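This is input.cif (mmCIF, C-alpha atoms).
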data_query
loop_
_atom_site.group_PDB
_atom_site.id
_atom_site.type_symbol
_atom_site.label_atom_id
_atom_site.label_comp_id
_atom_site.auth_asym_id
_atom_site.auth_seq_id
_atom_site.Cartn_x
_atom_site.Cartn_y
_atom_site.Cartn_z
ATOM 1 C CA MET A 1 -27.282 11.729 15.686
ATOM 2 C CA GLU A 2 -25.245 14.811 14.771
ATOM 3 C CA LEU A 3 -22.943 16.221 12.128
ATOM 4 C CA ASP A 4 -19.394 14.992 12.509
ATOM 5 C CA PRO A 5 -17.211 18.045 13.421
ATOM 6 C CA ARG A 6 -13.883 16.234 12.945
ATOM 7 C CA ASP A 7 -13.758 16.509 9.186
ATOM 8 C CA GLU A 8 -14.553 19.991 7.896
ATOM 9 C CA GLY A 9 -13.903 18.962 4.278
ATOM 10 C CA ARG A 10 -16.237 15.985 4.266
ATOM 11 C CA ALA A 11 -19.914 15.807 4.986
ATOM 12 C CA GLY A 12 -20.624 13.149 7.515
ATOM 13 C CA ILE A 13 -23.042 11.966 10.154
ATOM 14 C CA LYS A 14 -21.918 10.565 13.461
ATOM 15 C CA VAL A 15 -24.144 7.821 14.782
ATOM 16 C CA GLN A 16 -23.576 6.861 18.405
ATOM 17 C CA ILE A 17 -24.788 3.435 19.437
ATOM 18 C CA GLU A 18 -24.981 2.750 23.160
ATOM 19 C CA THR A 19 -25.137 -0.730 24.574
ATOM 20 C CA VAL A 20 -24.783 -2.139 28.073
ATOM 21 C CA GLN A 21 -21.170 -3.092 27.391
ATOM 22 C CA ALA A 22 -19.789 -0.289 25.225
ATOM 23 C CA VAL A 23 -20.372 2.851 23.250
ATOM 24 C CA SER A 24 -19.356 2.748 19.591
ATOM 25 C CA GLU A 25 -19.387 5.325 16.799
ATOM 26 C CA ILE A 26 -20.079 4.744 13.133
ATOM 27 C CA ILE A 27 -19.109 7.525 10.720
ATOM 28 C CA VAL A 28 -21.361 7.530 7.678
ATOM 29 C CA ASP A 29 -19.814 9.419 4.760
ATOM 30 C CA THR A 30 -22.496 11.402 2.948
ATOM 31 C CA THR A 31 -20.196 13.124 0.437
ATOM 32 C CA PRO A 32 -21.695 12.813 -3.076
ATOM 33 C CA VAL A 33 -20.085 10.137 -5.251
ATOM 34 C CA LEU A 34 -18.818 11.684 -8.486
ATOM 35 C CA THR A 35 -18.742 9.821 -11.793
ATOM 36 C CA PRO A 36 -15.425 9.972 -13.716
ATOM 37 C CA THR A 37 -15.413 12.471 -16.564
ATOM 38 C CA ILE A 38 -13.528 12.173 -19.861
ATOM 39 C CA GLU A 39 -11.267 14.969 -18.595
ATOM 40 C CA ALA A 40 -10.483 13.007 -15.408
ATOM 41 C CA ARG A 41 -9.570 9.960 -17.476
ATOM 42 C CA GLN A 42 -7.354 11.952 -19.834
ATOM 43 C CA MET A 43 -5.637 13.748 -16.963
ATOM 44 C CA LEU A 44 -4.306 10.445 -15.656
ATOM 45 C CA GLN A 45 -2.614 9.763 -19.003
ATOM 46 C CA LYS A 46 -0.187 12.610 -18.332
ATOM 47 C CA GLU A 47 3.199 11.549 -16.985
ATOM 48 C CA PRO A 48 3.579 12.270 -13.236
ATOM 49 C CA ASP A 49 6.228 14.747 -12.105
ATOM 50 C CA SER A 50 7.599 12.350 -9.494
ATOM 51 C CA THR A 51 10.332 9.751 -10.018
ATOM 52 C CA PRO A 52 9.121 6.225 -10.829
ATOM 53 C CA VAL A 53 10.143 3.402 -8.514
ATOM 54 C CA MET A 54 10.122 0.680 -11.154
ATOM 55 C CA TYR A 55 10.368 0.059 -14.888
ATOM 56 C CA GLN A 56 8.911 -2.887 -16.777
ATOM 57 C CA THR A 57 7.732 -3.861 -20.272
ATOM 58 C CA TRP A 58 4.367 -5.511 -20.864
ATOM 59 C CA ASN A 59 4.517 -7.759 -23.907
ATOM 60 C CA ASN A 60 2.150 -10.091 -25.845
ATOM 61 C CA LEU A 61 -0.726 -8.935 -23.682
ATOM 62 C CA LEU A 62 -4.276 -10.218 -24.118
ATOM 63 C CA PHE A 63 -7.251 -8.223 -22.825
ATOM 64 C CA MET A 64 -10.349 -10.377 -22.244
ATOM 65 C CA HIS A 65 -13.479 -8.743 -20.864
ATOM 66 C CA TRP A 66 -16.789 -10.116 -19.670
ATOM 67 C CA GLU A 67 -19.856 -7.946 -19.132
ATOM 68 C CA TRP A 68 -20.957 -8.320 -15.517
ATOM 69 C CA ASP A 69 -23.652 -7.241 -13.110
ATOM 70 C CA PRO A 70 -22.460 -3.969 -11.508
ATOM 71 C CA GLU A 71 -24.211 -4.755 -8.233
ATOM 72 C CA GLU A 72 -22.444 -8.104 -7.925
ATOM 73 C CA ILE A 73 -19.086 -6.404 -8.457
ATOM 74 C CA GLN A 74 -19.884 -3.594 -6.013
ATOM 75 C CA LYS A 75 -20.400 -6.121 -3.207
ATOM 76 C CA THR A 76 -16.776 -7.259 -3.603
ATOM 77 C CA LEU A 77 -15.133 -3.812 -3.394
ATOM 78 C CA PRO A 78 -13.507 -2.282 -0.307
ATOM 79 C CA PRO A 79 -14.860 0.871 1.347
ATOM 80 C CA GLY A 80 -14.298 3.980 -0.750
ATOM 81 C CA LEU A 81 -14.431 2.332 -4.190
ATOM 82 C CA PHE A 82 -17.340 2.218 -6.634
ATOM 83 C CA VAL A 83 -17.970 0.320 -9.851
ATOM 84 C CA ASP A 84 -16.938 2.290 -12.937
ATOM 85 C CA ARG A 85 -19.629 1.784 -15.574
ATOM 86 C CA PHE A 86 -19.697 2.209 -19.324
ATOM 87 C CA GLY A 87 -23.297 3.221 -19.738
ATOM 88 C CA GLU A 88 -25.071 0.748 -17.494
ATOM 89 C CA LYS A 89 -22.491 -2.010 -17.927
ATOM 90 C CA ALA A 90 -19.605 -3.145 -15.731
ATOM 91 C CA TYR A 91 -16.786 -5.473 -16.703
ATOM 92 C CA LEU A 92 -14.466 -8.150 -15.364
ATOM 93 C CA GLY A 93 -11.142 -8.601 -17.114
ATOM 94 C CA VAL A 94 -8.583 -11.402 -17.361
ATOM 95 C CA THR A 95 -5.200 -10.331 -18.697
ATOM 96 C CA PRO A 96 -2.298 -12.737 -19.351
ATOM 97 C CA PHE A 97 0.988 -11.236 -20.541
ATOM 98 C CA TYR A 98 4.774 -11.382 -20.504
ATOM 99 C CA MET A 99 6.744 -9.170 -18.103
ATOM 100 C CA LYS A 100 10.104 -8.124 -19.547
ATOM 101 C CA ASP A 101 13.079 -6.033 -18.410
ATOM 102 C CA VAL A 102 11.705 -5.513 -14.912
ATOM 103 C CA ARG A 103 13.924 -3.515 -12.570
ATOM 104 C CA ALA A 104 13.834 -0.971 -9.793
ATOM 105 C CA SER A 105 14.508 2.553 -11.038
ATOM 106 C CA PHE A 106 17.592 2.835 -8.825
ATOM 107 C CA LEU A 107 19.098 -0.570 -9.689
ATOM 108 C CA PRO A 108 20.219 -2.471 -12.784
ATOM 109 C CA GLU A 109 18.323 -5.606 -13.783
ATOM 110 C CA ILE A 110 18.878 -8.504 -11.380
ATOM 111 C CA PRO A 111 19.672 -11.699 -13.341
ATOM 112 C CA GLY A 112 16.897 -14.259 -13.107
ATOM 113 C CA THR A 113 14.257 -11.777 -11.932
ATOM 114 C CA ALA A 114 13.733 -9.441 -14.902
ATOM 115 C CA ASN A 115 11.592 -11.647 -17.154
ATOM 116 C CA PHE A 116 8.557 -13.695 -16.114
ATOM 117 C CA LEU A 117 4.841 -14.238 -16.688
ATOM 118 C CA GLU A 118 1.867 -12.575 -15.040
ATOM 119 C CA LEU A 119 -1.898 -12.987 -15.248
ATOM 120 C CA ASN A 120 -4.326 -10.695 -13.487
ATOM 121 C CA VAL A 121 -8.071 -10.626 -12.828
ATOM 122 C CA ARG A 122 -9.463 -7.116 -12.583
ATOM 123 C CA THR A 123 -12.402 -4.773 -12.637
ATOM 124 C CA TYR A 124 -12.724 -1.027 -13.105
ATOM 125 C CA VAL A 125 -13.519 1.371 -10.315
ATOM 126 C CA HIS A 126 -13.435 4.966 -9.141
ATOM 127 C CA ASP A 127 -13.271 6.676 -5.784
ATOM 128 C CA ARG A 128 -15.777 9.111 -4.293
ATOM 129 C CA ARG A 129 -14.106 12.010 -6.121
ATOM 130 C CA GLY A 130 -14.514 10.320 -9.502
ATOM 131 C CA THR A 131 -10.882 9.250 -9.967
ATOM 132 C CA PRO A 132 -10.900 6.158 -12.223
ATOM 133 C CA GLY A 133 -8.582 3.197 -11.796
ATOM 134 C CA VAL A 134 -8.152 -0.567 -11.691
ATOM 135 C CA TRP A 135 -9.020 -2.929 -8.848
ATOM 136 C CA PHE A 136 -7.170 -6.244 -8.933
ATOM 137 C CA TYR A 137 -8.826 -9.346 -7.529
ATOM 138 C CA SER A 138 -5.694 -11.404 -8.103
ATOM 139 C CA LEU A 139 -2.317 -11.354 -9.827
ATOM 140 C CA ASP A 140 -0.641 -14.681 -10.519
ATOM 141 C CA CYS A 141 3.077 -14.749 -11.214
ATOM 142 C CA ASN A 142 5.868 -17.279 -11.622
ATOM 143 C CA GLN A 143 8.576 -15.115 -10.042
ATOM 144 C CA GLY A 144 8.780 -15.492 -6.254
ATOM 145 C CA LEU A 145 10.652 -12.245 -5.585
ATOM 146 C CA ALA A 146 8.087 -10.233 -7.537
ATOM 147 C CA VAL A 147 5.246 -11.840 -5.572
ATOM 148 C CA TRP A 148 6.909 -11.073 -2.246
ATOM 149 C CA MET A 149 7.770 -7.460 -3.093
ATOM 150 C CA ALA A 150 4.326 -6.632 -4.512
ATOM 151 C CA LYS A 151 2.627 -7.983 -1.404
ATOM 152 C CA LEU A 152 5.020 -6.180 0.931
ATOM 153 C CA PHE A 153 5.211 -2.757 -0.705
ATOM 154 C CA TYR A 154 1.872 -2.509 -2.532
ATOM 155 C CA SER A 155 -0.499 -4.791 -0.582
ATOM 156 C CA LEU A 156 -1.510 -6.346 -3.900
ATOM 157 C CA PRO A 157 -3.124 -9.826 -3.950
ATOM 158 C CA TYR A 158 -0.267 -11.640 -5.701
ATOM 159 C CA HIS A 159 -0.103 -15.440 -5.848
ATOM 160 C CA SER A 160 2.721 -17.752 -6.813
ATOM 161 C CA ALA A 161 1.873 -19.929 -9.786
ATOM 162 C CA THR A 162 3.315 -22.453 -12.184
ATOM 163 C CA MET A 163 3.134 -20.790 -15.588
ATOM 164 C CA ASP A 164 4.408 -21.333 -19.092
ATOM 165 C CA ALA A 165 3.874 -19.668 -22.451
ATOM 166 C CA CYS A 166 5.064 -20.240 -25.988
ATOM 167 C CA GLU A 167 4.526 -18.719 -29.416
ATOM 168 C CA GLN A 168 4.564 -20.493 -32.777
ATOM 169 C CA ALA A 169 3.625 -18.875 -36.072
ATOM 170 C CA GLY A 170 1.901 -16.051 -34.196
ATOM 171 C CA LEU A 171 -0.198 -18.350 -31.991
ATOM 172 C CA TYR A 172 0.343 -17.903 -28.252
ATOM 173 C CA GLU A 173 -0.352 -20.715 -25.796
ATOM 174 C CA TYR A 174 -0.472 -19.538 -22.193
ATOM 175 C CA ARG A 175 -1.010 -21.679 -19.078
ATOM 176 C CA CYS A 176 -1.325 -20.804 -15.417
ATOM 177 C CA GLN A 177 -1.882 -22.963 -12.348
ATOM 178 C CA ARG A 178 -1.898 -21.235 -8.977
ATOM 179 C CA LEU A 179 0.065 -23.095 -6.315
ATOM 180 C CA GLY A 180 -2.267 -25.152 -4.145
ATOM 181 C CA GLN A 181 -5.089 -25.164 -6.717
ATOM 182 C CA GLU A 182 -6.178 -28.032 -8.957
ATOM 183 C CA SER A 183 -7.640 -25.893 -11.728
ATOM 184 C CA LYS A 184 -5.381 -24.818 -14.575
ATOM 185 C CA ALA A 185 -6.155 -21.881 -16.827
ATOM 186 C CA GLU A 186 -5.203 -22.147 -20.478
ATOM 187 C CA PHE A 187 -5.536 -19.579 -23.237
ATOM 188 C CA HIS A 188 -4.701 -19.799 -26.934
ATOM 189 C CA TYR A 189 -4.740 -16.487 -28.755
ATOM 190 C CA LYS A 190 -3.531 -14.776 -31.872
ATOM 191 C CA ASN A 191 -3.223 -11.212 -33.097
ATOM 192 C CA GLU A 192 -5.635 -10.869 -36.030
ATOM 193 C CA GLY A 193 -3.828 -7.728 -37.155
ATOM 194 C CA LYS A 194 -6.915 -5.565 -37.506
ATOM 195 C CA GLY A 195 -6.594 -2.443 -35.380
ATOM 196 C CA VAL A 196 -9.127 -1.485 -32.709
ATOM 197 C CA ALA A 197 -9.838 2.247 -32.521
ATOM 198 C CA SER A 198 -9.867 3.576 -28.953
ATOM 199 C CA PRO A 199 -10.687 7.302 -28.947
ATOM 200 C CA PRO A 200 -11.711 8.902 -25.629
ATOM 201 C CA GLY A 201 -15.263 7.940 -24.830
ATOM 202 C CA SER A 202 -15.096 4.551 -26.585
ATOM 203 C CA LEU A 203 -15.344 1.176 -24.850
ATOM 204 C CA PRO A 204 -11.719 0.193 -25.682
ATOM 205 C CA TYR A 205 -10.541 3.481 -24.175
ATOM 206 C CA PHE A 206 -12.678 2.924 -21.074
ATOM 207 C CA LEU A 207 -11.330 -0.590 -20.500
ATOM 208 C CA ALA A 208 -7.697 -0.340 -21.574
ATOM 209 C CA GLU A 209 -6.507 3.195 -20.851
ATOM 210 C CA ARG A 210 -6.105 2.920 -17.095
ATOM 211 C CA TYR A 211 -3.234 4.705 -15.391
ATOM 212 C CA LEU A 212 -3.952 4.242 -11.703
ATOM 213 C CA LEU A 213 -4.382 1.186 -9.490
ATOM 214 C CA TYR A 214 -6.105 0.937 -6.138
ATOM 215 C CA THR A 215 -5.160 -1.380 -3.325
ATOM 216 C CA TYR A 216 -6.496 -1.921 0.178
ATOM 217 C CA ALA A 217 -4.343 -2.652 3.219
ATOM 218 C CA GLN A 218 -6.371 -4.967 5.447
ATOM 219 C CA LYS A 219 -4.329 -4.390 8.608
ATOM 220 C CA GLN A 220 -4.598 -0.613 8.398
ATOM 221 C CA ARG A 221 -8.072 -0.772 6.840
ATOM 222 C CA LYS A 222 -6.918 1.887 4.450
ATOM 223 C CA LEU A 223 -7.229 2.535 0.729
ATOM 224 C CA TYR A 224 -4.115 3.328 -1.295
ATOM 225 C CA ARG A 225 -3.387 4.050 -4.928
ATOM 226 C CA ALA A 226 -0.420 4.173 -7.296
ATOM 227 C CA ARG A 227 0.059 5.823 -10.672
ATOM 228 C CA ILE A 228 1.498 4.143 -13.740
ATOM 229 C CA HIS A 229 2.527 5.653 -17.061
ATOM 230 C CA HIS A 230 3.043 4.328 -20.577
ATOM 231 C CA SER A 231 2.219 5.299 -24.137
ATOM 232 C CA PRO A 232 -1.393 4.695 -25.249
ATOM 233 C CA TRP A 233 -2.273 1.127 -26.088
ATOM 234 C CA ASP A 234 -2.072 -0.045 -29.698
ATOM 235 C CA LEU A 235 -4.908 -2.591 -29.738
ATOM 236 C CA HIS A 236 -5.755 -5.269 -32.295
ATOM 237 C CA ARG A 237 -8.520 -7.801 -32.533
ATOM 238 C CA ALA A 238 -7.557 -11.114 -30.972
ATOM 239 C CA GLN A 239 -8.559 -14.517 -32.235
ATOM 240 C CA LEU A 240 -9.288 -16.795 -29.285
ATOM 241 C CA GLY A 241 -8.848 -20.538 -29.427
ATOM 242 C CA GLN A 242 -8.948 -22.283 -26.073
ATOM 243 C CA CYS A 243 -10.230 -20.054 -23.304
ATOM 244 C CA ASP A 244 -11.644 -20.815 -19.872
ATOM 245 C CA ASP A 245 -13.068 -18.970 -16.894
ATOM 246 C CA SER A 246 -11.174 -20.792 -14.155
ATOM 247 C CA MET A 247 -9.359 -17.629 -13.026
ATOM 248 C CA LEU A 248 -12.702 -15.877 -12.599
ATOM 249 C CA LYS A 249 -13.965 -18.812 -10.533
ATOM 250 C CA LEU A 250 -10.928 -18.600 -8.244
ATOM 251 C CA ASN A 251 -12.086 -15.080 -7.442
ATOM 252 C CA GLY A 252 -15.699 -15.992 -6.789
ATOM 253 C CA PHE A 253 -17.158 -15.240 -10.240
ATOM 254 C CA ASP A 254 -18.784 -17.824 -12.484
ATOM 255 C CA ALA A 255 -19.126 -17.029 -16.182
ATOM 256 C CA ARG A 256 -20.764 -20.440 -16.748
ATOM 257 C CA LEU A 257 -18.422 -21.124 -19.665
ATOM 258 C CA ARG A 258 -19.538 -17.910 -21.381
ATOM 259 C CA PRO A 259 -16.692 -16.582 -23.553
ATOM 260 C CA PRO A 260 -15.543 -12.979 -23.137
ATOM 261 C CA GLU A 261 -17.487 -10.358 -25.075
ATOM 262 C CA HIS A 262 -14.293 -8.516 -26.017
ATOM 263 C CA SER A 263 -10.775 -9.815 -26.745
ATOM 264 C CA TRP A 264 -7.888 -7.592 -27.818
ATOM 265 C CA PHE A 265 -4.191 -8.150 -28.388
ATOM 266 C CA ALA A 266 -1.931 -5.271 -27.330
ATOM 267 C CA SER A 267 1.428 -4.161 -28.702
ATOM 268 C CA PRO A 268 4.255 -3.870 -26.111
ATOM 269 C CA VAL A 269 4.482 -0.842 -23.825
ATOM 270 C CA ARG A 270 7.325 0.310 -21.589
ATOM 271 C CA VAL A 271 5.821 1.090 -18.197
ATOM 272 C CA LYS A 272 6.790 3.342 -15.301
ATOM 273 C CA ILE A 273 5.422 2.417 -11.867
ATOM 274 C CA TYR A 274 5.154 5.065 -9.151
ATOM 275 C CA ALA A 275 5.083 4.906 -5.370
ATOM 276 C CA LEU A 276 2.036 3.983 -3.365
ATOM 277 C CA GLU A 277 0.135 6.912 -1.835
ATOM 278 C CA ASP A 278 -2.796 7.446 0.483
ATOM 279 C CA ALA A 279 -6.052 7.432 -1.490
ATOM 280 C CA GLY A 280 -8.006 9.156 1.274
#
Once you've parsed the file, please lay out its structure as structure tokens.
Amino acid sequence: MELDPRDEGRAGIKVQIETVQAVSEIIVDTTPVLTPTIEARQMLQKEPDSTPVMYQTWNNLLFMHWEWDPEEIQKTLPPGLFVDRFGEKAYLGVTPFYMKDVRASFLPEIPGTANFLELNVRTYVHDRRGTPGVWFYSLDCNQGLAVWMAKLFYSLPYHSATMDACEQAGLYEYRCQRLGQESKAEFHYKNEGKGVASPPGSLPYFLAERYLLYTYAQKQRKLYRARIHHSPWDLHRAQLGQCDDSMLKLNGFDARLRPPEHSWFASPVRVKIYALEDAG
């Protein structure tokens, strides 16, 4: 066992395991894991200097969050990512919303592809340097081109789904059924109108103000990340009618019919998406 000389900037131990058939090396990263600071979170709210690759508007968005065992979540994360905790608590989120006016930054809107529905299942993470972000377990969408492009260019776990949503007198009814699955998620929600304060350091800030996503390319076994930018969320209390945990179950989590501890309705934001970059 010896110090790994190949990475001067990273503490590491090289363990050489000899067998009759082969000699293999395992690099154990011993760099301290930093916890995200308020300053690190606020820094990511600043607009990047680079040119975005895509524009989109997120509309009629519902944040639902369940408190979850941090250790259970940690077991599901790829190498290099760690559960981001608020105090001692970790969270799983389910977020249905409307995607509007979606286009590449260098192209006009393509008819038939600019408006669709999306529902994601997420948790909150940080890397070894304490850079906070979002980890997506799944993203369901009813626009085939969007699914294909997100998988190809961002290695995100998108799934094609049959989805529909409607609004009547302020009540939203949202349904999602992933192709090839029997279960069908359904959510009824309404904006109560009462604002939710989200100053830095608060739980709403911790959960909602996320401006970086992580993704893991299985073939390359490599962690990537991408910045996003939008104005701060304007959150309101949401009144939940029908709500189920079927999307959590599809990702290996069972809430046992427990409703989310926190539900917020968000005003629309215009979003800039930036290119994928190496997170190493």
- the PyMOL selection byres ((chain A and resi 163) around 8) resolved against shown file, as a PyMOL selection string: chain A and resi 117+141-142+161-162+164-165+174-177
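Separating atom CA of Asp127 of chain A from atom CA of Met99 of chain A is a distance of 28.3 Å.
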- Message: Please list as a list in words every residue within 10 Å of Asp244 of chain A, counting all atoms listed in the file and excluding residues in the same chain fewer than 3 positions away.
- Response: Lys184, Ala185, Glu186, Phe187, His188, Gly241, Met247, Leu248, Lys249, Ala255, Arg256, Leu257, Arg258, Pro259 and Pro260 of chain A
- Message: Measuring between only C-alpha atoms, which one of A:Ser138, A:Pro32, A:Gly180, A:Phe86 shows the shortest distance to Tyr205 of chain A?
- Response: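 Among A:Ser138, A:Pro32, A:Gly180, A:Phe86, it is A:Phe86 that comes nearest to Tyr205 of chain A.
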- Query: If you count all atoms listed in the file, which residues fall within 12 Å of segment 228-232 of chain A, apart from same-chain ones fewer than 4 positions away, as a ChimeraX atom specification?
  - Reply: /A:42-58,133-134,197-200,204-205,208-214,266-276
- Query: Please, what distance in Å, to one decimal, runs between atom CA of Tyr91 of chain A and atom CA of Leu119 of chain A?
  - Reply: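 Computed distance, atom CA of Tyr91 of chain A to atom CA of Leu119 of chain A, equals 16.7 Å.
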- Would you mind reading off the distance between atom CA of Leu62 of chain A and atom CA of Val94 of chain A, one decimal, in Å? 8.1 Å
With 8 Å of padding per side, what axis-aligned box (centre and edge lengths, Å, one decimal) covers all the listed atoms of segment 107-111 of chain A? Give it as lines of an AutoDock Vina configuration file.
center_x = 19.3
center_y = -6.1
center_z = -11.7
size_x = 17.9
size_y = 27.1
size_z = 20.1
- Please write the residues picked by the PyMOL selection byres ((chain A and resi 79) around 9) on this file as a PyMOL selection string. chain A and resi 77-78+80-82+216+221-223
- Message: I'd like the residues picked by the PyMOL selection byres ((chain A and resi 167) around 12) written out as a ChimeraX atom specification, using the chain letters and numbers from the file.
- Response: /A:60,98,164-166,168-174,187-191
- Message: Counting only C-alpha atoms, which residue out of A:Glu261, A:Glu277, A:Asp69, A:Asp245 sits closest to Phe153 of chain A?
- Response: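 Closest to Phe153 of chain A, using only C-alpha atoms: A:Glu277.
Ranking A:Lys219, A:Arg178, A:Lys151, A:Arg128 by their shortest atom-to-atom distance to Thr35 of chain A, with all atoms listed in the file included, puts A:Arg128 first.
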